[in-house]
>>> print(open('query.csv').read())   # CSV, C-alpha atoms
chain,number,residue,atom,x,y,z
A,906,MET,CA,-39.0,47.4,-37.9
A,907,PRO,CA,-35.6,47.7,-36.0
A,908,GLN,CA,-33.1,50.3,-37.2
A,909,ALA,CA,-29.8,49.2,-38.7
A,910,GLY,CA,-27.8,50.3,-35.6
A,911,SER,CA,-30.2,48.5,-33.3
A,912,LEU,CA,-30.0,45.3,-35.4
A,913,LEU,CA,-26.2,45.4,-35.4
A,914,SER,CA,-26.2,45.9,-31.6
A,915,TYR,CA,-28.6,43.0,-31.2
A,916,MET,CA,-26.5,40.7,-33.4
A,917,SER,CA,-23.4,41.7,-31.4
A,918,VAL,CA,-25.1,40.8,-28.1
A,919,PHE,CA,-26.4,37.5,-29.6
A,920,LYS,CA,-22.9,36.5,-30.8
A,921,ALA,CA,-21.4,37.4,-27.4
A,922,ARG,CA,-23.9,35.2,-25.6
A,923,LEU,CA,-23.2,32.3,-28.0
A,924,LYS,CA,-19.5,32.7,-27.4
A,925,SER,CA,-20.0,32.8,-23.7
A,926,ALA,CA,-22.2,29.7,-23.8
A,927,HIS,CA,-19.6,27.9,-25.9
A,928,ASN,CA,-16.8,28.9,-23.5
A,929,GLN,CA,-18.8,27.7,-20.5
A,930,ARG,CA,-19.4,24.3,-22.2
A,931,THR,CA,-15.7,24.1,-23.1
A,932,MET,CA,-14.6,24.9,-19.5
A,933,SER,CA,-17.2,22.5,-18.2
A,934,GLY,CA,-15.9,19.7,-20.5
A,935,ASN,CA,-12.3,20.5,-19.6
A,936,GLU,CA,-13.1,20.4,-15.9
A,937,HIS,CA,-14.7,17.0,-16.4
A,938,ASP,CA,-11.7,15.7,-18.2
A,939,TRP,CA,-9.4,16.8,-15.3
A,940,LEU,CA,-11.6,15.2,-12.7
A,941,ALA,CA,-11.5,11.9,-14.7
A,942,LEU,CA,-7.7,12.0,-14.5
A,943,LYS,CA,-7.6,12.8,-10.7
A,944,PRO,CA,-6.1,10.0,-8.7
A,945,GLN,CA,-8.5,8.1,-6.5
A,946,GLU,CA,-7.8,8.0,-2.8
A,947,PRO,CA,-7.1,4.3,-1.7
A,948,SER,CA,-9.7,2.5,0.4
A,949,PRO,CA,-8.6,0.9,3.7
A,950,SER,CA,-8.7,-2.5,2.0
A,951,GLN,CA,-5.9,-1.4,-0.3
A,952,CYS,CA,-3.4,-0.8,2.5
A,953,CYS,CA,-1.7,-4.0,3.6
A,954,GLY,CA,-0.7,-2.6,7.0
A,955,GLY,CA,2.8,-4.0,6.5
A,956,GLY,CA,4.7,-0.8,6.9
A,957,CYS,CA,5.5,-0.4,3.2
A,958,LYS,CA,7.6,2.6,2.3
A,959,PRO,CA,6.3,4.1,0.1
A,960,CYS,CA,2.8,3.1,1.5
A,961,ILE,CA,0.0,3.1,-1.0
A,962,TYR,CA,-1.2,6.3,0.7
A,963,ASP,CA,2.3,7.9,0.1
A,964,VAL,CA,2.0,6.9,-3.6
A,965,TYR,CA,-1.5,8.5,-3.7
A,966,GLU,CA,-0.2,11.8,-2.2
A,967,LYS,CA,2.6,11.9,-4.7
A,968,GLU,CA,0.2,11.3,-7.7
A,969,LEU,CA,-2.3,13.8,-6.3
A,970,ALA,CA,0.4,16.5,-6.1
A,971,GLN,CA,1.5,15.7,-9.6
A,972,TRP,CA,-2.1,16.0,-10.8
A,973,GLU,CA,-2.6,19.3,-9.1
A,974,ARG,CA,0.6,20.7,-10.7
A,975,ALA,CA,-0.5,19.5,-14.1
A,976,LYS,CA,-4.0,20.9,-13.7
A,977,ALA,CA,-2.7,24.3,-12.5
A,978,LYS,CA,-0.6,24.5,-15.7
A,979,GLN,CA,-3.3,22.9,-17.9
A,980,ASP,CA,-0.7,20.6,-19.2
A,981,LYS,CA,-1.8,16.9,-19.3
A,982,SER,CA,1.6,15.8,-20.5
A,983,LEU,CA,2.9,16.3,-17.0
A,984,LEU,CA,0.8,13.3,-16.0
A,985,MET,CA,2.8,10.9,-18.3
A,986,GLU,CA,5.2,10.1,-15.5
A,987,LYS,CA,2.4,8.3,-13.7
A,988,LYS,CA,2.6,4.5,-13.6
A,989,GLU,CA,0.2,2.2,-12.0
A,990,GLN,CA,1.6,-1.1,-13.2
A,991,SER,CA,4.4,-2.5,-15.3
A,992,ASN,CA,5.0,-5.6,-17.4
A,993,ASN,CA,8.8,-5.5,-17.4
A,994,SER,CA,9.1,-8.3,-14.8
A,995,GLU,CA,11.4,-6.1,-12.5
A,996,LEU,CA,10.1,-5.7,-9.0
A,997,ASN,CA,9.6,-2.1,-8.1
A,998,PRO,CA,8.4,-0.5,-4.8
A,999,ASP,CA,6.5,2.3,-6.6
A,1000,THR,CA,4.6,0.3,-9.3
A,1001,PHE,CA,2.9,-3.0,-9.5
A,1002,THR,CA,4.7,-5.5,-11.8
A,1003,ALA,CA,3.2,-8.6,-13.5
A,1004,PHE,CA,4.8,-12.0,-12.7
A,1005,SER,CA,3.7,-15.3,-14.3
A,1006,ILE,CA,2.8,-18.3,-12.1
A,1007,SER,CA,5.1,-21.2,-13.2
A,1008,SER,CA,3.8,-23.8,-10.7
A,1009,VAL,CA,1.1,-24.3,-8.1
A,1010,GLU,CA,1.5,-26.9,-5.3
A,1011,GLN,CA,-1.1,-27.6,-2.7
A,1012,LEU,CA,0.6,-28.6,0.5
A,1013,THR,CA,-2.4,-29.0,2.8
A,1014,GLU,CA,-6.2,-28.5,2.6
A,1015,ASP,CA,-5.9,-24.7,2.6
A,1016,THR,CA,-2.2,-24.0,2.1
A,1017,TYR,CA,-0.5,-23.5,-1.3
A,1018,GLN,CA,3.0,-22.8,-2.6
A,1019,TYR,CA,3.2,-20.7,-5.7
A,1020,ARG,CA,6.3,-20.2,-7.8
A,1021,PHE,CA,6.6,-17.1,-10.0
A,1022,GLU,CA,9.0,-16.6,-12.9
A,1023,LEU,CA,11.8,-14.0,-13.0
A,1024,PRO,CA,13.5,-12.9,-16.2
A,1025,GLY,CA,16.7,-14.7,-17.0
A,1026,ASN,CA,18.8,-15.5,-14.0
A,1027,SER,CA,17.7,-12.5,-12.0
A,1028,SER,CA,16.7,-12.7,-8.4
A,1029,LEU,CA,14.6,-10.6,-5.9
A,1030,CYS,CA,17.7,-10.1,-3.7
A,1031,LEU,CA,15.6,-9.5,-0.6
A,1032,SER,CA,17.3,-8.7,2.7
A,1033,LEU,CA,16.2,-10.1,6.1
A,1034,GLY,CA,12.7,-8.9,7.2
A,1035,GLN,CA,11.6,-7.7,3.8
A,1036,HIS,CA,8.3,-8.5,2.2
A,1037,ILE,CA,6.4,-7.8,-1.1
A,1038,VAL,CA,2.8,-6.6,-1.6
A,1039,LEU,CA,0.2,-8.5,-3.7
A,1040,ARG,CA,-2.7,-6.7,-5.4
A,1041,GLY,CA,-6.0,-8.5,-6.2
A,1042,ALA,CA,-9.6,-7.7,-6.9
A,1043,VAL,CA,-12.7,-9.3,-5.5
A,1044,ASN,CA,-16.2,-8.3,-6.7
A,1045,GLY,CA,-14.8,-5.0,-7.9
A,1046,LEU,CA,-13.0,-4.2,-4.6
A,1047,GLU,CA,-9.2,-3.8,-4.8
A,1048,VAL,CA,-7.3,-5.6,-2.0
A,1049,GLN,CA,-3.7,-5.6,-1.1
A,1050,ARG,CA,-1.8,-7.9,1.3
A,1051,ALA,CA,1.9,-8.3,2.3
A,1052,TYR,CA,3.7,-11.7,1.9
A,1053,THR,CA,7.3,-12.8,2.6
A,1054,PRO,CA,8.8,-15.1,-0.1
A,1055,ILE,CA,10.1,-18.4,1.2
A,1056,SER,CA,12.6,-18.9,-1.6
A,1057,PRO,CA,16.3,-18.0,-0.9
A,1058,GLY,CA,17.0,-14.3,-1.4
A,1059,ASN,CA,19.5,-15.2,-4.1
A,1060,ALA,CA,17.3,-17.7,-5.9
A,1061,GLU,CA,17.8,-17.2,-9.7
A,1062,GLY,CA,14.9,-17.1,-12.2
A,1063,TYR,CA,12.1,-17.5,-9.7
A,1064,PHE,CA,10.6,-16.7,-6.3
A,1065,GLU,CA,8.2,-18.7,-4.2
A,1066,VAL,CA,5.4,-17.6,-1.8
A,1067,LEU,CA,3.6,-19.8,0.7
A,1068,ILE,CA,0.0,-18.7,1.3
A,1069,LYS,CA,-2.7,-20.0,3.6
A,1070,CYS,CA,-6.2,-19.4,2.3
A,1071,TYR,CA,-9.1,-18.6,4.6
A,1072,GLU,CA,-12.7,-19.3,3.9
A,1073,ALA,CA,-13.8,-15.7,4.6
A,1074,GLY,CA,-10.7,-14.0,3.5
A,1075,LEU,CA,-11.1,-11.4,0.7
A,1076,MET,CA,-7.6,-12.0,-0.8
A,1077,SER,CA,-8.0,-15.7,-0.4
A,1078,GLN,CA,-11.0,-15.6,-2.7
A,1079,TYR,CA,-8.8,-14.1,-5.4
A,1080,ILE,CA,-5.8,-16.4,-4.7
A,1081,LYS,CA,-8.0,-19.5,-5.0
A,1082,THR,CA,-8.6,-18.7,-8.7
A,1083,TRP,CA,-4.9,-18.8,-9.6
A,1084,LYS,CA,-3.6,-21.4,-12.0
A,1085,LYS,CA,-0.3,-21.9,-13.9
A,1086,GLY,CA,0.3,-19.2,-16.5
A,1087,ASP,CA,-1.8,-16.5,-14.7
A,1088,MET,CA,-0.2,-13.0,-14.3
A,1089,VAL,CA,-0.2,-11.7,-10.8
A,1090,PHE,CA,0.8,-8.2,-9.8
A,1091,TRP,CA,3.4,-7.6,-7.0
A,1092,ARG,CA,5.1,-4.4,-5.6
A,1093,GLY,CA,8.1,-4.1,-3.4
A,1094,PRO,CA,10.3,-5.0,-1.6
A,1095,PHE,CA,9.5,-3.3,1.7
A,1096,GLY,CA,10.7,-3.6,5.3
A,1097,GLY,CA,14.1,-4.6,6.6
A,1098,PHE,CA,14.8,-1.6,8.8
A,1099,PRO,CA,18.5,-1.6,9.7
A,1100,TYR,CA,19.4,-0.4,13.2
A,1101,ARG,CA,21.1,3.0,13.2
A,1102,PRO,CA,21.8,4.2,16.7
A,1103,ASN,CA,20.6,7.8,17.5
A,1104,LYS,CA,19.7,8.5,13.9
A,1105,GLU,CA,15.8,8.4,14.0
A,1106,THR,CA,14.5,11.3,16.1
A,1107,SER,CA,10.9,11.6,14.7
A,1108,LEU,CA,8.0,9.2,14.1
A,1109,GLU,CA,7.3,11.1,10.9
A,1110,LYS,CA,10.2,9.3,9.2
A,1111,LEU,CA,8.5,5.9,9.8
A,1112,PRO,CA,6.2,4.4,7.2
A,1113,TRP,CA,2.6,5.8,7.4
A,1114,SER,CA,1.1,2.5,8.6
A,1115,TYR,CA,3.6,2.2,11.5
A,1116,GLN,CA,3.2,5.7,12.9
A,1117,GLU,CA,-0.1,5.2,14.6
A,1118,ASN,CA,1.0,2.3,16.9
A,1119,THR,CA,4.6,3.3,17.4
A,1120,TYR,CA,5.6,5.0,20.7
A,1121,THR,CA,8.7,6.7,22.0
A,1122,GLY,CA,9.9,7.0,25.6
A,1123,ARG,CA,11.1,4.9,28.5
A,1124,LEU,CA,9.4,1.6,28.7
A,1125,ASN,CA,7.6,1.9,32.0
A,1126,GLU,CA,4.4,0.5,33.4
A,1127,GLY,CA,2.3,3.3,31.9
A,1128,LEU,CA,3.7,2.9,28.3
A,1129,THR,CA,3.5,-0.9,28.5
A,1130,LYS,CA,-0.3,-0.6,29.3
A,1131,THR,CA,-0.8,1.9,26.5
A,1132,ILE,CA,0.9,-0.4,24.0
A,1133,LEU,CA,-1.0,-3.5,25.1
A,1134,ASN,CA,-4.3,-1.7,25.1
A,1135,SER,CA,-3.7,-0.9,21.4
A,1136,CYS,CA,-3.5,-4.6,20.5
A,1137,ARG,CA,-6.6,-5.9,18.6
A,1138,ARG,CA,-6.0,-9.4,20.1
A,1139,ARG,CA,-4.7,-10.6,23.4
A,1140,PRO,CA,-0.9,-10.6,22.9
A,1141,PHE,CA,1.8,-13.1,23.7
A,1142,VAL,CA,4.9,-11.3,24.9
A,1143,LEU,CA,8.5,-12.4,24.5
A,1144,ILE,CA,10.9,-10.8,26.9
A,1145,CYS,CA,14.7,-10.6,26.3
A,1146,GLY,CA,17.0,-8.4,28.3
A,1147,SER,CA,19.1,-8.1,31.4
A,1148,PRO,CA,17.8,-9.8,34.7
A,1149,VAL,CA,16.6,-6.4,35.9
A,1150,PHE,CA,14.8,-5.6,32.7
A,1151,ASN,CA,13.1,-9.0,32.6
A,1152,GLU,CA,12.0,-8.6,36.2
A,1153,ASP,CA,10.6,-5.1,35.5
A,1154,MET,CA,8.8,-6.2,32.4
A,1155,SER,CA,7.2,-9.2,34.1
A,1156,ARG,CA,5.9,-6.9,36.8
A,1157,TYR,CA,4.6,-4.4,34.2
A,1158,LEU,CA,2.9,-7.1,32.2
A,1159,LYS,CA,1.3,-8.6,35.2
A,1160,ALA,CA,-0.1,-5.2,36.2
A,1161,ALA,CA,-1.5,-4.9,32.7
A,1162,GLY,CA,-3.3,-8.3,33.0
A,1163,ILE,CA,-0.9,-10.4,31.0
A,1164,GLU,CA,-0.4,-13.6,33.1
A,1165,GLU,CA,2.5,-16.0,33.0
A,1166,ASP,CA,0.9,-18.2,30.3
A,1167,SER,CA,0.9,-15.2,27.9
A,1168,ARG,CA,4.6,-14.2,28.3
A,1169,PHE,CA,7.9,-15.9,27.9
A,1170,VAL,CA,11.3,-14.8,29.3
A,1171,PHE,CA,14.4,-15.9,27.4
>>> encode(input="query.csv", output="structure tokens")
Amino acid sequence: MPQAGSLLSYMSVFKARLKSAHNQRTMSGNEHDWLALKPQEPSPSQCCGGGCKPCIYDVYEKELAQWERAKAKQDKSLLMEKKEQSNNSELNPDTFTAFSISSVEQLTEDTYQYRFELPGNSSLCLSLGQHIVLRGAVNGLEVQRAYTPISPGNAEGYFEVLIKCYEAGLMSQYIKTWKKGDMVFWRGPFGGFPYRPNKETSLEKLPWSYQENTYTGRLNEGLTKTILNSCRRRPFVLICGSPVFNEDMSRYLKAAGIEEDSRFVF
């Protein structure tokens, strides 16, 4: 029969082990909770490639940094700033906002014009060159694409988008299901880069999706070939400049394999 001192020592060890096991389960559960709150890195299909600023990858990096700060402080309230979508009918470049379809007009066999409602007499107030990003889901895969509204920039109470649907297009499969009254999520506006001479000195200031295929330097024969080789399809080149520039560019393009039928000089 164990002595009293030995029994007390045994019970102390037993309680310590129980407490340790409980703490491990608590820590494990807490870690699981934080992992469930961690932002998911976007898939390539979620980037529209339209040069959005912020790009969806920029938004992801911002939310990931916010999650890391909250986890380090073990304070989930710091995640309350995170917003993935909104229903206030105000277009926002950082969050997706729901807009109701007020009309659907089929213009051709595969082309549709959609009108979306804006609250009151508000307008998108887009500037030249700007676009907005649509979010959809097809078979559980989130897809994003950029579209430019065709309605006047100062149109009040609505905006319109003209969309051509493709048989094998992922986003087209989602768009074909739209009907009047459906809620569709948009984010923006993006684009419309104003020209500011001698202001931009680094490609890092460009939107993420533009950096890879943007080049700096004198436009000579070598740089022309590099740019053309990065094109996924055979390009059609428009040339506009001084007579000397147009002559040089025509020569560079010919050396790169771009014949006269694939270029036009203004």
>>> closest_residue(input="query.csv", among="A:Glu1126, A:Asp963, A:Glu968, A:Asp938", to="Pro998 in chain A", atoms="only C-alpha atoms")
A:Asp963
>>> residues_near_point(input="query.csv", point="(0.3, -3.6, 35.1)", cutoff="12 Å", atoms="all atoms listed in the file", output="list in words")
Asn1125, Glu1126, Gly1127, Leu1128, Thr1129, Lys1130, Thr1131, Ile1132, Leu1133, Asn1134, Asp1153, Met1154, Ser1155, Arg1156, Tyr1157, Leu1158, Lys1159, Ala1160, Ala1161, Gly1162, Ile1163 and Glu1164 of chain A
>>> closest_residue(input="query.csv", among="A:Lys1085, A:Leu1124, A:Glu995, A:Phe1004", to="Asn1151 in chain A", atoms="only C-alpha atoms")
A:Leu1124
>>> atom_distance(input="query.csv", atom1="CA of Gly1025 in chain A", atom2="CA of Gly1062 in chain A")
5.7 Å
>>> residues_near_point(input="query.csv", point="(-2.1, -8.4, -7.9)", cutoff="10 Å", atoms="all atoms listed in the file", output="MDAnalysis selection string")
chainID A and resid 990 1001:1004 1038:1042 1047:1050 1076 1079:1080 1088:1092
>>> closest_residue(input="query.csv", among="A:Leu1023, A:Cys1030, A:Val964, A:Lys978", to="Thr1000 in chain A", atoms="only C-alpha atoms")
A:Val964
>>> closest_residue(input="query.csv", among="A:Val1149, A:Arg1168, A:Phe1021, A:Val1043", to="Gln1078 in chain A", atoms="all atoms listed in the file")
A:Val1043
>>> atom_distance(input="query.csv", atom1="CA of Gly1096 in chain A", atom2="CA of Leu1031 in chain A")
9.7 Å
>>> residues_around(input="query.csv", residues="Ser1028 in chain A", least_positions_apart="5", cutoff="10 Å", atoms="all atoms listed in the file", output="ChimeraX atom specification")
/A:995-996,1022-1023,1057-1064
>>> atom_distance(input="query.csv", atom1="CA of Phe1095 in chain A", atom2="CA of Ser1056 in chain A")
16.2 Å
>>> closest_residue(input="query.csv", among="A:Pro1094, A:Asp1087, A:Gly1074, A:Leu1012", to="Leu1029 in chain A", atoms="all atoms listed in the file")
A:Pro1094
>>> residues_around(input="query.csv", residues="Thr1013 in chain A", least_positions_apart="3", cutoff="12 Å", atoms="only C-alpha atoms", output="ChimeraX atom specification")
/A:1010,1016-1018,1067-1070
